[in-house]
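A.B. asks: Below is a structure I'd like to ask you about.
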Amino acid sequence: MSDPATILDARGVTKRFPGVLALDHVDLTLTPGRVHALVGENGAGKSTLIKILSGAYHADSGEIVHAGRPVSFARPLDARAAGISTIYQEVNLIPLMSVARNLFLGREPRRLGLIDLRRMNREAAAVLDRYGVHVDVTRPLGTIGLGARQMVALARAVAEDARLLIMDEPTSSLEPREVETLFTVVESLTAKGMAVLYVSHRLEELYRLCETVTVLRDGRVVHTGPLAELDRLTLVAHMLGRELDQVRQEGTTRFGEHRDHTGNPPVMEARGLTKRHVLRGVGLTVRAGEVTGLGGLLGAGRSETAKAVVGALPLDSGTVTVGGRRLRRLSPATAIRAGMALLPEDRKAEGIVPDLSVRENILLAALPRLSRFGFVSRRRQERIVATFTKRLRIKAASPEQKVGELSGGNQQKVLLARWLCLNPRLLLLDEPTRGIDVGAKAEVQALIDELAADGLAVVLISSDLEELVEGADRIVVLRAGAVVAELDGDDVGEHAVMAALAEAEPREEDDRDD
Amino acid sequence: MITDSVAVPTTVRPGRATRAERLASLSQRHGALTMLALALIAASVTFESFATAENLAGIAIQSSFVAVIALGMTFVIIGGGIDLSVGAVFALAGVLAAFGSRWGPVTALLLPLGAGALIGLVQGVLIARTGMAPFIVTLAGLLAARGLMLALTTEGAETPLVPRGSGFLGLGRGVFLGLGVPVWIAIVLCGLGAVLLRRTRYGQFLFAVGGNEDAAGLMGVPVTRVKVVTYALSGLLAALAGMLNAARLGSGVTILGVGMELDVIAAVVIGGTLLVGGAGAVGGTVCGVLILGVIQNVVNQIGTLTSSVQSVVSGAFLVVAVVAQTYLSRAGRAR
């Protein structure tokens with residue numbers, strides 16, 4: 001059954017990875033001449049879906065009908081041959097090769113079997129000229145601007161006779177002017193009958209460019225339809241998985257108590273944290289005994305803010321003051337010395353050493369402080385480890401058990417213990433409960449509360465809106481790398497956060513109540 | 001259908017190479033050539049016997065074997081890999097050529113070339129299909145090739161000889177226009193290699209694979225095939241060099257080729273090919289080979305110096321080349 005009005009029809013696409021159902025019977029219909037938005041938070045399954053459509057992954061089950069025929073792409077080359085081109089967020093060209101060679105790779109003009117360099121360079125310049133890119137095409141691609149590189153990728157995709165263009169966050173590293181150029185190009189392409197699948201989490205862009213939308217959450221389609229019929233707030237609610245009516249009803253009902261700590265002196269003050277394309281003048285104040293939540297959609301700059309504070313993200317400008325003293329040089333070492341600790345989002349890649357024991361993992365960061373002439377007394381080690389396993393209720397057979405054998409929740413607690421035995425004043429937690437089971441989640445949340453009650457300042461990043469609102473005393477909402485709202489006291493609520501996320505223009509102040 | 005005529009008024013970013021960038025890319029491209037010229041001038045001025053036709057022809061023939069192997073290594077390194085097996089394949093091919101020459105020149109040609117290409121092919125398949133590190137796979141290849149060679153020669157005790165008067169010997173000893181036949185073969189192959197690299201689709205794919213393998217795959221480059229072909233080519237060229245050397249010496253000398261892979265890699269790197277892959281040129285490699293050849297020749301001229309001094313000087317050149325590369329590529333990328 002082929003409908004001439006659709007270029008691609010995916011039905012019941014399912015993909016399972018070890019331990020995760022990445023896509024669960026996903027349907028997607030794309031029409032020529034239309035831009036279709038694909039949105040969803042971290043782990044929603046957007047990238048998996050794109051990779052299946054572009055032939056990089058195989059679906060476990062489900063059907064993809066392309067141009068009226070069921071297809072199954074074995075590799076990216078096949079999808080491309082069928083007219084599906086994908087522009088990935090960043091790595092899709094070869095920086096060391098010339099602009100022209102990148103543009104023509106695999107379909108170079110040839111004469112007598114050899115590449116006709118002169119013709120290739122001439123044609124490359126002519127093609128790029130039409131996209132508003134005026135560069136020396138013989139230069140290595142890596143030396144031209146990001147916007148121009150994105151245009152080269154686009155020109156490459158179009159030149160391949162693509163009928164469906166998949167764009168994965170194409171604007172994440174572009175200047176506003178470059179974004180405009182990109183939009184003009186996309187609009188003229190759809191006018192010629194190209195179908196576009198546009199992945200982005202920037203609401204402005206979605207409403208500007210897209211006619212229809214599919215919202216994914218936890219591998220499932222939670223909404224699909226025309227974008228114009230969907231107001232921003234509802235869209236954000238769909239993405240975050242909160243039912244709007246339910247949230248409205250709850251109104252100002254409190255999940256937990258939101259303590260007021262404005263009297264306490266600030267432990268850490270960050271001012272004007274700025275990094276091109278990432279952060280735009282983010283300010284953050286955290287007080288002792290207070291849990292400050294960072295809210296925002298994927299890519300808003302929450303993790304980046306946390307990393308910037310502890311010196312793990314090189315900044316263009318900005319200052320961090322701890323306990324009244326401004327840190328002169330931001331680096332992880334000075335941050336640790338100043339008493340700040342960051343529990344990163346990806347604990348497997350950035351924190352846990354699975355083959356080391358619980359004891360070794362806990363003491364990893366503290367060892368330099370505990371050692372005397374390079375030796376650390378075993379008794380002292382065991383005492384510290386015992387204190388923290390008890391306090392954080394870490395469930396391990398013994399301190400010598402390998403951390404890799406523990407559950408996700410207990411691994412997280414071990415990481416927490418590692419930083420706590422440094423006696424920090426400020427603890428930054430990036431998605432501390434992601435990927436751990438419900439029981440352990442509640443325990444970690446309770447633990448965060450206890451730590452704050454003991455006088456620690458805490459910054460909490462969570463995509464789980466309920467967790468954020470419940471756990472934080474104050475919430476700073478970020479969008480596109482800038483602070484768009486600060487909620488404290490009775491303002492802290494799910495609806496208020498979503499309203500701030502859905503606001504039309506960044507930096508517009510207030511009117512966060514209905 | 002959709003054509004790519006799109007009208008956009010805005011300019012994205014006028015791109016012009018800065019002076020520093022141009023200078024960096026120029027010296028990166030011609031750095032090895034400059035070094036070679038300086039070495040030649042210095043040697044000619046210091047030693048009267050250096051700039052004689054006889055001596056230069058000697059350097060050329062010595063370098064020709066290394067150049068043929070280095071050509072293959074240039075391809076492998078541009079593709080982001082490394083081939084440690086070339087020295088062992090060189091020695092094995094020499095023995096096989098001498099061995100095969102008993103049945104005539106054709107066997108002397110085909111036996112070593114077939115064996116070299118096969119070893120390269122197997123290595124390429126292992127690297128491209130299983131994702132094993134090229135370093136490990138070709139180290140295994142080195143051991144296997146050397147083991148095979150020793151097995152054929154009863155632990156290296158036998159040296160197979162090419163029969164006197166065999167036409168095969170002409171391949172190594174023949175002289176044409178004052179230069180040995182191996183030199184001409186090396187010149188022709190390097191010329192073809194340069195064209196293959198810059199002017200064919202395979203060459204473009206190779207640069208893409210070495211520059212960014214993931215991106216290359218997504219751009220539709222047949223990554224596996226490119227890698228397999230490249231390692232097979234490297235094995236073939238190493239075998240060719242071993243065969244030519246056997247034709248020159250008239251025997252398959254079993255002690256040759258030990259550590260040769262390192263000299264070859266040094267020549268390629270001195271020639272400006274990036275060890276991480278994605279950039280390089282045949283011309284640079286030829287210069288690198290000749291620089292090492294001149295150093296060896298000069299150290300021999302002095303006479304009082306041992307060959308260990310030669311290694312020290314070659315090592316120093318290598319360090320200079322690598323440091324210069326690092327700085328230049330940094331200057332080239334700086335914005």
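Letters A, B, ... go to the chains of the structure tokens in the order shown; residues in each chain start at 1; ligands are counted from 1 in the same order.
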Please check the contacts: residues of chain A at most 7 Å away from chain B, using only C-alpha atoms, listed as a ChimeraX atom specification.
C.D. replies: /A:76-77,91-94,96,105-106,114-115,130-136,143-145,147-148,158-159,161,178,181,184-185,188,192
A.B. asks: Considering only C-alpha atoms, return as a PDB file with N, CA and C atoms, in the first residue's frame whatever protein or nucleic-acid residues lie within 10 Å of B:Asn297, sequence-local ones (same chain, fewer than 6 positions apart) excluded.
C.D. replies:
ATOM      1  N   ALA B  43      76.859  17.818   2.374  1.00  0.00           N
ATOM      2  CA  ALA B  43      77.692  16.650   2.099  1.00  0.00           C
ATOM      3  C   ALA B  43      78.650  16.924   0.926  1.00  0.00           C
ATOM      4  N   PHE B  50      81.735  12.903  -2.494  1.00  0.00           N
ATOM      5  CA  PHE B  50      80.285  12.693  -2.361  1.00  0.00           C
ATOM      6  C   PHE B  50      79.546  12.935  -3.664  1.00  0.00           C
ATOM      7  N   ASN B  55      79.042   7.725  -6.722  1.00  0.00           N
ATOM      8  CA  ASN B  55      78.536   7.709  -5.349  1.00  0.00           C
ATOM      9  C   ASN B  55      77.029   7.961  -5.301  1.00  0.00           C
ATOM     10  N   LEU B  56      76.580   8.926  -6.109  1.00  0.00           N
ATOM     11  CA  LEU B  56      75.153   9.259  -6.102  1.00  0.00           C
ATOM     12  C   LEU B  56      74.336   8.085  -6.630  1.00  0.00           C
ATOM     13  N   GLY B  58      75.124   5.087  -6.322  1.00  0.00           N
ATOM     14  CA  GLY B  58      75.133   4.108  -5.225  1.00  0.00           C
ATOM     15  C   GLY B  58      74.051   4.420  -4.201  1.00  0.00           C
ATOM     16  N   ILE B  59      73.955   5.710  -3.828  1.00  0.00           N
ATOM     17  CA  ILE B  59      72.909   6.109  -2.886  1.00  0.00           C
ATOM     18  C   ILE B  59      71.537   5.775  -3.471  1.00  0.00           C
ATOM     19  N   GLN B  62      70.839   2.032  -3.252  1.00  0.00           N
ATOM     20  CA  GLN B  62      70.598   1.646  -1.850  1.00  0.00           C
ATOM     21  C   GLN B  62      69.190   2.070  -1.414  1.00  0.00           C
ATOM     22  N   ILE B 291      67.020  11.302   2.391  1.00  0.00           N
ATOM     23  CA  ILE B 291      67.727  11.917   3.524  1.00  0.00           C
ATOM     24  C   ILE B 291      68.439  10.832   4.333  1.00  0.00           C
ATOM     25  N   GLY B 303      84.157   7.058   7.676  1.00  0.00           N
ATOM     26  CA  GLY B 303      84.957   5.862   7.867  1.00  0.00           C
ATOM     27  C   GLY B 303      85.315   5.549   9.290  1.00  0.00           C
ATOM     28  N   GLN B 310      75.337   6.408  12.689  1.00  0.00           N
ATOM     29  CA  GLN B 310      74.323   6.631  11.662  1.00  0.00           C
ATOM     30  C   GLN B 310      72.920   6.594  12.270  1.00  0.00           C
TER      31      GLN B 310
END
A.B. asks: Can you tell me, as number ranges by chain, which residues in stretch 58-273 of chain B count as helix (DSSP H, G or I) by DSSP?
C.D. replies: B: 58-78, 86-103, 105-130, 134-152, 167-173, 181-199, 201-211, 213-218, 223-249, 260-270
A.B. asks: Could you pull the residues within 6 Å of B:Val289, counting only C-alpha atoms, minus those fewer than 3 positions along the same chain, as a PyMOL selection string?
C.D. replies: chain B and resi 267+286+292
A.B. asks: Store the residues picked out above, limited to N, CA, C and O atoms, as an mmCIF file, in the first residue's frame.
C.D. replies:
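Written output follows (part.cif):
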data_model
loop_
_atom_site.group_PDB
_atom_site.id
_atom_site.type_symbol
_atom_site.label_atom_id
_atom_site.label_comp_id
_atom_site.auth_asym_id
_atom_site.auth_seq_id
_atom_site.Cartn_x
_atom_site.Cartn_y
_atom_site.Cartn_z
ATOM 1 N N ALA B 267 61.448 7.099 7.593
ATOM 2 C CA ALA B 267 61.511 7.818 6.320
ATOM 3 C C ALA B 267 60.165 8.447 5.989
ATOM 4 O O ALA B 267 60.087 9.609 5.569
ATOM 5 N N VAL B 286 59.683 10.026 -0.555
ATOM 6 C CA VAL B 286 60.897 9.855 -1.350
ATOM 7 C C VAL B 286 62.019 10.706 -0.757
ATOM 8 O O VAL B 286 63.155 10.228 -0.587
ATOM 9 N N LEU B 292 67.691 9.765 4.641
ATOM 10 C CA LEU B 292 68.313 8.679 5.406
ATOM 11 C C LEU B 292 69.453 8.041 4.609
ATOM 12 O O LEU B 292 70.493 7.665 5.159
#
A.B. asks: Please return as a list of chain:residue names: the residues of stretch 85-251 of chain B that backbone DSSP assigns to strand (DSSP E or B).
C.D. replies: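 Of stretch 85-251 of chain B, only B:Leu161, B:Val175, B:Phe176, B:Leu179, B:Gly180, B:Ser251 fall in strand (DSSP E or B).
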A.B. asks: Pull N, CA and C atoms from the residues just selected and write them as a short mmCIF file (atom, residue, chain, number, x, y, z; two decimals), in the first residue's frame.
C.D. replies:
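Output contents, as saved in result.cif:
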data_model
loop_
_atom_site.label_atom_id
_atom_site.label_comp_id
_atom_site.auth_asym_id
_atom_site.auth_seq_id
_atom_site.Cartn_x
_atom_site.Cartn_y
_atom_site.Cartn_z
N LEU B 161 70.68 -19.74 -3.57
CA LEU B 161 71.37 -18.92 -4.56
C LEU B 161 70.59 -18.88 -5.86
N VAL B 175 71.71 -1.96 -15.64
CA VAL B 175 71.87 -0.50 -15.55
C VAL B 175 71.28 0.12 -16.80
N PHE B 176 70.54 1.19 -16.61
CA PHE B 176 69.92 1.87 -17.74
C PHE B 176 70.12 3.37 -17.54
N LEU B 179 71.64 4.54 -14.25
CA LEU B 179 70.99 4.18 -12.97
C LEU B 179 70.57 2.71 -13.01
N GLY B 180 70.63 2.06 -11.87
CA GLY B 180 70.26 0.66 -11.79
C GLY B 180 68.78 0.46 -12.08
N SER B 251 71.28 -13.85 -4.30
CA SER B 251 70.94 -14.87 -3.31
C SER B 251 69.88 -14.32 -2.35
#
A.B. asks: Between atom CA of A:Lys307 and atom CA of A:Asp430, measure the distance and give it in Å to one decimal.
C.D. replies: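 For atom CA of A:Lys307 relative to atom CA of A:Asp430, the distance reads 9.5 Å.
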A.B. asks: Rounded to one decimal place, report the atom CA of A:Asp116-atom CA of B:Gly80 distance in Å.
C.D. replies: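 One can read the atom CA of A:Asp116 to atom CA of B:Gly80 distance as 25.7 Å.
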A.B. asks: Do a neighbour search on B:Gly104 at 8 Å with only C-alpha atoms, toss out local chain neighbours closer than 4 positions, and write the hits as a list of chain:residue names.
C.D. replies: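 Residues meeting the cut-off are B:Gly100, B:Ala108, B:Ser166, B:Phe168.
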A.B. asks: As a VMD selection string, please: the residues near stretch 100-104 of chain A (cut-off 7 Å, only C-alpha atoms, same-chain neighbours under 4 positions excluded).
C.D. replies: chain A and resid 93 to 94 108 120 to 121 124 137 to 138 152 156
A.B. asks: Those same residues - N, CA, C and O atoms - I'd like them written as a PDB file, in the first residue's frame.
C.D. replies:
ATOM      1  N   LEU A  93      32.339  14.944   8.118  1.00  0.00           N
ATOM      2  CA  LEU A  93      33.239  15.279   7.025  1.00  0.00           C
ATOM      3  C   LEU A  93      34.673  15.040   7.494  1.00  0.00           C
ATOM      4  O   LEU A  93      34.919  14.758   8.657  1.00  0.00           O
ATOM      5  N   ILE A  94      35.611  15.165   6.565  1.00  0.00           N
ATOM      6  CA  ILE A  94      37.011  14.892   6.889  1.00  0.00           C
ATOM      7  C   ILE A  94      37.774  16.208   6.984  1.00  0.00           C
ATOM      8  O   ILE A  94      38.056  16.837   5.961  1.00  0.00           O
ATOM      9  N   GLU A 108      33.673  12.044  -7.623  1.00  0.00           N
ATOM     10  CA  GLU A 108      34.531  13.053  -8.233  1.00  0.00           C
ATOM     11  C   GLU A 108      34.374  13.036  -9.748  1.00  0.00           C
ATOM     12  O   GLU A 108      34.234  11.970 -10.350  1.00  0.00           O
ATOM     13  N   MET A 120      36.812  19.722 -10.663  1.00  0.00           N
ATOM     14  CA  MET A 120      36.232  19.487  -9.340  1.00  0.00           C
ATOM     15  C   MET A 120      36.246  20.770  -8.515  1.00  0.00           C
ATOM     16  O   MET A 120      35.246  21.141  -7.908  1.00  0.00           O
ATOM     17  N   ASN A 121      37.397  21.453  -8.512  1.00  0.00           N
ATOM     18  CA  ASN A 121      37.498  22.681  -7.721  1.00  0.00           C
ATOM     19  C   ASN A 121      36.570  23.769  -8.257  1.00  0.00           C
ATOM     20  O   ASN A 121      35.942  24.499  -7.489  1.00  0.00           O
ATOM     21  N   ALA A 124      33.010  22.811  -7.335  1.00  0.00           N
ATOM     22  CA  ALA A 124      32.795  22.957  -5.888  1.00  0.00           C
ATOM     23  C   ALA A 124      32.562  24.419  -5.543  1.00  0.00           C
ATOM     24  O   ALA A 124      31.636  24.767  -4.801  1.00  0.00           O
ATOM     25  N   VAL A 137      38.154  26.623  -2.027  1.00  0.00           N
ATOM     26  CA  VAL A 137      37.767  25.217  -1.893  1.00  0.00           C
ATOM     27  C   VAL A 137      38.954  24.270  -1.815  1.00  0.00           C
ATOM     28  O   VAL A 137      38.783  23.083  -1.567  1.00  0.00           O
ATOM     29  N   THR A 138      40.171  24.769  -2.027  1.00  0.00           N
ATOM     30  CA  THR A 138      41.334  23.885  -1.928  1.00  0.00           C
ATOM     31  C   THR A 138      41.880  23.849  -0.508  1.00  0.00           C
ATOM     32  O   THR A 138      42.804  23.101  -0.212  1.00  0.00           O
ATOM     33  N   VAL A 152      28.633  22.829   3.608  1.00  0.00           N
ATOM     34  CA  VAL A 152      29.274  21.854   2.734  1.00  0.00           C
ATOM     35  C   VAL A 152      28.566  20.503   2.895  1.00  0.00           C
ATOM     36  O   VAL A 152      28.250  19.826   1.919  1.00  0.00           O
ATOM     37  N   ARG A 156      26.546  18.660  -0.013  1.00  0.00           N
ATOM     38  CA  ARG A 156      26.903  17.291  -0.346  1.00  0.00           C
ATOM     39  C   ARG A 156      25.654  16.401  -0.367  1.00  0.00           C
ATOM     40  O   ARG A 156      25.443  15.616  -1.278  1.00  0.00           O
TER      41      ARG A 156
END
A.B. asks: Using only C-alpha atoms, which of the listed residues (B:Val268, B:Val76, B:Met243, B:Val183) sits closest to B:Thr107?
C.D. replies: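 Of all the options, B:Met243 lies closest to B:Thr107.
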A.B. asks: Counting only C-alpha atoms, what is within 7 Å of stretch 362-365 of chain A, bar same-chain residues fewer than 5 positions away, as a VMD selection string?
C.D. replies: chain A and resid 385 414 to 415 417 to 418
A.B. asks: Check the smallest atom-to-atom distance from each of A:Ala306, A:Ala312, A:Ala457, A:Leu416 to A:Pro266 using only C-alpha atoms, then report the winner.
C.D. replies: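 Answer, going by the shortest atom-to-atom distance: A:Ala457.
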A.B. asks: Using only C-alpha atoms, determine which residues lie at most 9 Å from stretch 33-39 of chain B, disregarding the query and same-chain residues fewer than 5 positions distant; provide the list as a PDB file with C-alpha atoms, in the first residue's frame.
C.D. replies:
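Contents of out-v9.pdb, as written:
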ATOM      1  CA  SER B  27      56.954  24.153   4.774  1.00  0.00           C
ATOM      2  CA  SER B  44      78.987  17.879  -1.293  1.00  0.00           C
ATOM      3  CA  GLY B 271      58.679  12.931   4.681  1.00  0.00           C
ATOM      4  CA  GLY B 283      57.022  13.049  -2.726  1.00  0.00           C
ATOM      5  CA  GLY B 284      57.741  13.641   0.941  1.00  0.00           C
ATOM      6  CA  CYS B 287      62.720  12.819   0.231  1.00  0.00           C
ATOM      7  CA  GLY B 288      62.640  11.082   3.597  1.00  0.00           C
ATOM      8  CA  LEU B 290      66.890   9.927   0.369  1.00  0.00           C
ATOM      9  CA  ILE B 291      67.727  11.917   3.524  1.00  0.00           C
ATOM     10  CA  VAL B 294      72.560  10.461   2.407  1.00  0.00           C
ATOM     11  CA  ILE B 295      73.131  10.222   6.155  1.00  0.00           C
TER      12      ILE B 295
END
A.B. asks: With distances taken over only C-alpha atoms, which of B:Val228, B:Val298, B:Leu169, B:Val312 is nearest to B:Leu118?
C.D. replies: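 Answer, going by the shortest atom-to-atom distance: B:Val228.
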